[in-house]
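**Student:** Please find upload_3.csv (CSV, C-alpha atoms) on the next line:
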chain,number,residue,atom,x,y,z
A,27,MET,CA,147.6,75.2,72.4
A,28,ASN,CA,145.2,72.8,70.6
A,29,LYS,CA,141.7,73.6,72.0
A,30,TRP,CA,140.3,70.2,71.3
A,31,PHE,CA,143.0,68.3,73.1
A,32,GLN,CA,144.4,70.5,75.8
A,33,ILE,CA,146.9,69.1,78.2
A,34,ASP,CA,148.1,71.1,81.2
A,35,GLU,CA,149.8,70.4,84.4
A,36,GLN,CA,146.6,69.5,86.2
A,37,THR,CA,145.5,66.9,83.6
A,38,GLU,CA,149.1,65.6,83.5
A,39,THR,CA,149.0,65.1,87.3
A,40,VAL,CA,145.6,63.3,87.1
A,41,SER,CA,146.6,61.1,84.1
A,42,GLY,CA,150.0,60.3,85.7
A,43,ARG,CA,148.3,59.0,88.9
A,44,LEU,CA,145.7,57.0,86.9
A,45,SER,CA,148.4,55.6,84.6
A,46,VAL,CA,150.3,54.2,87.6
A,47,ILE,CA,147.1,52.6,89.0
A,48,PHE,CA,146.1,51.1,85.7
A,49,LEU,CA,149.6,50.0,84.8
A,50,GLY,CA,149.8,48.2,88.2
A,51,LEU,CA,146.4,46.5,87.6
A,52,THR,CA,147.5,45.5,84.1
A,53,GLN,CA,150.7,44.0,85.4
A,54,ILE,CA,148.9,42.1,88.2
A,55,GLY,CA,146.4,40.9,85.6
A,56,LEU,CA,149.1,39.6,83.3
A,57,TYR,CA,150.9,38.0,86.3
A,58,LEU,CA,147.7,36.2,87.4
A,59,ALA,CA,147.0,35.0,83.8
A,60,LEU,CA,150.6,33.7,83.6
A,61,MET,CA,150.3,31.9,86.9
A,62,TYR,CA,146.9,30.4,85.8
A,63,GLN,CA,148.3,29.1,82.6
A,64,ARG,CA,151.4,27.8,84.2
A,65,TYR,CA,150.1,26.2,87.4
A,66,VAL,CA,146.3,25.6,86.9
A,67,LEU,CA,146.1,24.7,83.3
A,68,ASP,CA,149.7,23.3,83.4
A,69,LEU,CA,150.4,24.5,79.9
A,70,PRO,CA,153.9,24.2,78.4
A,71,PRO,CA,156.0,27.4,78.3
A,72,ASP,CA,155.3,28.0,74.6
A,73,TYR,CA,151.7,29.0,75.5
A,74,TYR,CA,152.7,31.8,78.0
A,75,ASN,CA,156.1,32.9,76.9
A,76,ASP,CA,154.7,35.9,75.2
A,77,LEU,CA,152.8,37.0,78.3
A,78,ALA,CA,156.0,36.5,80.4
A,79,ILE,CA,158.1,38.7,78.0
A,80,ILE,CA,155.5,41.5,78.0
A,81,LEU,CA,155.2,41.3,81.8
A,82,ALA,CA,159.0,41.3,82.3
A,83,PHE,CA,159.4,44.2,79.8
A,84,SER,CA,156.7,46.2,81.5
A,85,VAL,CA,157.7,45.6,85.1
A,86,LEU,CA,161.5,45.9,84.6
A,87,GLY,CA,161.1,48.9,82.2
A,88,TYR,CA,158.8,50.8,84.5
A,89,TRP,CA,160.7,50.2,87.7
A,90,GLY,CA,164.0,50.7,86.0
A,91,ALA,CA,162.9,54.0,84.6
A,92,CYS,CA,161.5,55.1,88.0
A,93,LEU,CA,164.7,54.3,89.8
A,94,PHE,CA,166.8,56.0,87.1
A,95,LEU,CA,164.7,59.1,86.7
A,96,GLY,CA,163.7,59.4,90.4
A,97,GLY,CA,167.2,58.9,91.7
A,98,VAL,CA,166.0,58.9,95.3
A,99,ILE,CA,165.7,55.1,95.9
A,100,PRO,CA,168.4,54.0,98.3
A,101,THR,CA,171.5,52.6,96.7
A,102,LEU,CA,172.6,49.2,98.0
A,103,SER,CA,175.9,48.6,99.9
A,104,PHE,CA,177.6,45.4,98.9
A,105,ARG,CA,176.7,43.6,102.2
A,106,ARG,CA,173.1,44.6,102.0
A,107,ALA,CA,172.9,43.5,98.4
A,108,ILE,CA,174.3,40.1,99.3
A,109,PHE,CA,171.8,39.8,102.2
A,110,ILE,CA,168.8,40.7,100.0
A,111,TYR,CA,170.1,38.4,97.3
A,112,ALA,CA,170.2,35.5,99.8
A,113,VAL,CA,166.7,36.3,101.1
A,114,ILE,CA,165.2,36.3,97.6
A,115,CYS,CA,167.1,33.1,96.7
A,116,MET,CA,165.7,31.3,99.8
A,117,THR,CA,162.2,32.8,99.1
A,118,ILE,CA,162.2,31.2,95.6
A,119,ALA,CA,164.1,28.0,96.5
A,120,VAL,CA,162.1,26.8,99.4
A,121,PRO,CA,158.6,26.9,97.8
A,122,HIS,CA,160.1,25.7,94.5
A,123,THR,CA,161.6,22.6,96.2
A,124,ILE,CA,158.4,21.9,98.2
A,125,ILE,CA,156.2,22.2,95.1
A,126,ARG,CA,158.4,20.5,92.5
A,127,GLY,CA,160.6,18.3,94.7
A,128,TRP,CA,164.3,17.8,94.7
A,129,PRO,CA,165.6,18.3,91.1
A,130,ALA,CA,166.6,15.3,89.0
A,131,GLY,CA,170.1,15.3,87.6
A,132,THR,CA,169.1,16.9,84.3
A,133,GLU,CA,167.0,19.6,86.0
A,134,TRP,CA,169.8,21.2,88.0
A,135,ASN,CA,170.9,23.7,85.5
A,136,SER,CA,167.4,25.1,84.8
A,137,ARG,CA,166.6,25.0,88.5
A,138,LEU,CA,169.7,26.9,89.5
A,139,LEU,CA,169.1,29.5,86.8
A,140,VAL,CA,165.7,30.3,88.4
A,141,ILE,CA,166.9,30.2,92.0
A,142,LEU,CA,170.3,31.9,91.6
A,143,GLY,CA,170.0,33.8,88.3
A,144,LEU,CA,166.7,35.5,88.7
A,145,PRO,CA,167.5,37.1,92.1
A,146,ALA,CA,170.9,38.1,90.7
A,147,GLY,CA,169.3,39.9,87.8
A,148,LEU,CA,166.8,41.6,90.1
A,149,VAL,CA,169.3,42.8,92.7
A,150,GLY,CA,171.9,43.7,90.2
A,151,GLY,CA,169.4,45.6,88.1
A,152,TYR,CA,168.1,47.4,91.1
A,153,ALA,CA,171.6,48.3,92.3
A,154,LEU,CA,172.6,49.5,88.9
A,155,MET,CA,169.6,51.7,88.2
A,156,ALA,CA,169.6,53.2,91.7
A,157,TYR,CA,173.3,54.0,91.3
A,158,LEU,CA,172.9,55.5,87.9
A,159,GLY,CA,169.9,57.5,89.0
A,160,LYS,CA,171.7,58.9,92.0
A,161,LYS,CA,174.7,59.8,89.8
A,162,ARG,CA,172.4,61.5,87.3
A,163,LEU,CA,170.7,63.7,90.0
A,164,GLU,CA,174.0,64.5,91.7
A,165,LYS,CA,175.3,65.7,88.3
A,166,ILE,CA,172.2,67.9,87.7
A,167,ILE,CA,172.5,69.3,91.2
A,168,SER,CA,176.2,70.0,91.0
A,169,SER,CA,175.9,71.7,87.6
A,170,GLU,CA,173.0,73.9,88.9
A,171,SER,CA,175.0,75.0,92.0
A,172,ASP,CA,178.2,75.9,90.0
B,6,MET,CA,151.7,63.3,108.1
B,7,LYS,CA,150.5,66.8,108.5
B,8,GLU,CA,148.4,68.1,105.7
B,9,ILE,CA,149.0,71.7,104.8
B,10,LEU,CA,146.0,73.5,103.3
B,11,ILE,CA,146.7,76.2,100.8
B,12,GLY,CA,144.3,79.1,100.7
B,13,ASN,CA,144.0,81.4,97.7
B,14,LYS,CA,142.5,84.6,96.4
B,15,VAL,CA,142.7,83.7,92.7
B,16,ARG,CA,139.0,84.3,92.1
B,17,LEU,CA,139.1,87.8,93.7
B,18,ALA,CA,142.2,88.8,91.8
B,19,ARG,CA,140.8,87.5,88.5
B,20,VAL,CA,137.4,89.3,89.0
B,21,ALA,CA,139.3,92.5,90.0
B,22,LYS,CA,141.1,92.4,86.7
B,23,ASP,CA,137.7,91.7,85.0
B,24,LEU,CA,138.8,88.4,83.6
B,25,THR,CA,136.8,85.3,83.1
B,26,GLN,CA,138.2,81.9,84.0
B,27,GLU,CA,138.5,81.1,80.3
B,28,GLN,CA,140.5,84.4,79.6
B,29,LEU,CA,142.8,83.8,82.5
B,30,ALA,CA,143.3,80.2,81.5
B,31,ILE,CA,144.3,81.2,78.0
B,32,LYS,CA,146.7,83.8,79.3
B,33,VAL,CA,148.5,81.4,81.6
B,34,GLY,CA,148.3,78.4,79.2
B,35,VAL,CA,146.0,76.0,81.1
B,36,THR,CA,142.4,74.8,80.8
B,37,ARG,CA,139.5,76.7,82.3
B,38,GLN,CA,138.8,73.6,84.5
B,39,THR,CA,142.3,74.0,86.0
B,40,ILE,CA,141.6,77.6,87.0
B,41,GLY,CA,138.3,76.5,88.4
B,42,LEU,CA,139.9,73.8,90.5
B,43,ILE,CA,142.6,76.2,91.8
B,44,GLU,CA,139.9,78.7,92.8
B,45,ALA,CA,138.0,76.0,94.6
B,46,GLY,CA,141.1,74.9,96.4
B,47,LYS,CA,141.0,71.4,94.8
B,48,TYR,CA,144.3,71.6,93.0
B,49,ASN,CA,147.7,72.9,94.1
B,50,PRO,CA,149.3,74.6,91.1
B,51,SER,CA,153.0,74.5,90.3
B,52,ILE,CA,155.2,77.5,91.3
B,53,LYS,CA,155.4,78.3,87.6
B,54,LEU,CA,151.6,78.5,87.2
B,55,CYS,CA,151.3,80.5,90.5
B,56,LEU,CA,153.8,83.1,89.1
B,57,LEU,CA,152.0,83.3,85.8
B,58,ILE,CA,148.6,83.8,87.6
B,59,ALA,CA,150.2,86.5,89.8
B,60,LYS,CA,151.7,88.2,86.7
B,61,PHE,CA,148.5,88.3,84.8
B,62,THR,CA,146.4,89.5,87.7
B,63,ASP,CA,149.0,92.1,88.7
B,64,THR,CA,149.4,90.6,92.2
B,65,THR,CA,152.1,88.8,94.1
B,66,LEU,CA,152.4,85.3,95.4
B,67,ASN,CA,151.9,86.5,98.9
B,68,ASP,CA,148.6,88.2,97.9
B,69,LEU,CA,147.4,85.2,96.1
B,70,PHE,CA,148.4,82.2,98.2
B,71,TRP,CA,148.9,81.4,101.8
B,72,MET,CA,149.0,78.5,104.2
B,73,ASP,CA,145.5,78.1,105.7
B,74,GLY,CA,146.5,76.1,108.7
B,75,GLU,CA,147.7,72.6,109.6
B,76,ASP,CA,145.7,69.5,110.0
B,77,ASP,CA,147.1,66.6,112.0
B,78,GLU,CA,144.7,64.0,110.4
What is this file in structure tokens?
**Tutor:**
Amino acid sequence: MNKWFQIDEQTETVSGRLSVIFLGLTQIGLYLALMYQRYVLDLPPDYYNDLAIILAFSVLGYWGACLFLGGVIPTLSFRRAIFIYAVICMTIAVPHTIIRGWPAGTEWNSRLLVILGLPAGLVGGYALMAYLGKKRLEKIISSESD
Amino acid sequence: MKEILIGNKVRLARVAKDLTQEQLAIKVGVTRQTIGLIEAGKYNPSIKLCLLIAKFTDTTLNDLFWMDGEDDE
């Protein structure tokens, strides 16, 4: 073991906890910066697209990996997935319509993409990762018990 | 949620074997600080580390670790 840079289970535990905290703070900071540029400064998407990509990669990558490797997050039944999808759609659609008004004819496609596509990606991604994670753990458990 | 406190005799077992924290740490493959934290009851080691400590101090898990009591807070 390298004496100058020793990592053991205790330091891994501490660094793991700190990593989660600082990753969360970083993601919140990126989100706030994104919202500030989007809604306060009213900048066009070219100015904050890079932040949005980094944030999406970080959030989806982290939670996706957690769901897959953890395998203990509840998998969704079809009915529950539809219900959660509808709730998220409404949660996005109502404030969106109040803030930006009823979409003009040319805006319908982009508006529907945000209101219907984003929740579909979230719920579908969650369901897929939870299902794959559960399958992965069940496979490990069954191979151990054989 | 009930908090289970783990008591341990790692310090006594180590001293009985005439080992320093550093020597025991090297034998079980962790840092001296980790052994210090275990002895102070500030860190709950993995079962693998518990077994290694028991092995190198010629004791058993029952000798080294026990549940100290339960705290409802």
**Student:** Please report the interatomic distance between CA of Ser168 in chain A and CA of Ala156 in chain A in Å with one decimal.
**Tutor:**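 Spanning CA of Ser168 in chain A to CA of Ala156 in chain A is a straight-line distance of 18.1 Å.
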**Student:** Write out as a compact mmCIF listing (two decimals) with C-alpha atoms, in the frame of the given file each polymer residue whose atoms come within 9 Å of range 43-58 of chain A, counting all atoms listed in the file; drop sequence neighbours fewer than 4 positions from it.
**Tutor:**
# COMPACT_ATOMS: atom_id res chain seq x y z
CA GLU A 38 149.10 65.60 83.50
CA THR A 39 149.00 65.10 87.30
CA TYR A 62 146.90 30.40 85.80
CA GLN A 63 148.30 29.10 82.60
CA LEU A 77 152.80 37.00 78.30
CA ALA A 78 156.00 36.50 80.40
CA ILE A 80 155.50 41.50 78.00
CA LEU A 81 155.20 41.30 81.80
CA SER A 84 156.70 46.20 81.50
CA VAL A 85 157.70 45.60 85.10
**Student:** Counting all atoms listed in the file, which residues from chain B have an atom at most 9 Å from any atom of chain A, and could you show them as a list of chain:residue names?
**Tutor:**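 The answer, sorted by residue number, is B:Ile31, B:Gly34, B:Val35, B:Thr36, B:Gln38, B:Thr39, B:Tyr48, B:Asn49, B:Pro50, B:Ser51, B:Leu54.
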**Student:** Take the point (168.6, 32.5, 96.8) as written in the file and pick out every residue within 8 Å of it, counting only C-alpha atoms; give the list as JSON, numbers by chain.
**Tutor:** {"A": [111, 112, 113, 114, 115, 116, 117, 118, 119, 141, 142, 145]}
**Student:** With C-alpha atoms retained, export the selected residues as a PDB file, in the coordinates of the input.
**Tutor:**
ATOM      1  CA  TYR A 111     170.100  38.400  97.300  1.00  0.00           C
ATOM      2  CA  ALA A 112     170.200  35.500  99.800  1.00  0.00           C
ATOM      3  CA  VAL A 113     166.700  36.300 101.100  1.00  0.00           C
ATOM      4  CA  ILE A 114     165.200  36.300  97.600  1.00  0.00           C
ATOM      5  CA  CYS A 115     167.100  33.100  96.700  1.00  0.00           C
ATOM      6  CA  MET A 116     165.700  31.300  99.800  1.00  0.00           C
ATOM      7  CA  THR A 117     162.200  32.800  99.100  1.00  0.00           C
ATOM      8  CA  ILE A 118     162.200  31.200  95.600  1.00  0.00           C
ATOM      9  CA  ALA A 119     164.100  28.000  96.500  1.00  0.00           C
ATOM     10  CA  ILE A 141     166.900  30.200  92.000  1.00  0.00           C
ATOM     11  CA  LEU A 142     170.300  31.900  91.600  1.00  0.00           C
ATOM     12  CA  PRO A 145     167.500  37.100  92.100  1.00  0.00           C
TER      13      PRO A 145
END
**Student:** Could you check how far CA of Gly151 in chain A sits from CA of Phe94 in chain A, in Å to one decimal?
**Tutor:**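 One can read the CA of Gly151 in chain A to CA of Phe94 in chain A distance as 10.8 Å.
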**Student:** What separation in Å, quoted to one decimal, exists between CA of Leu148 in chain A and CA of Phe83 in chain A?
**Tutor:**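 These atoms are spaced 12.9 Å apart.
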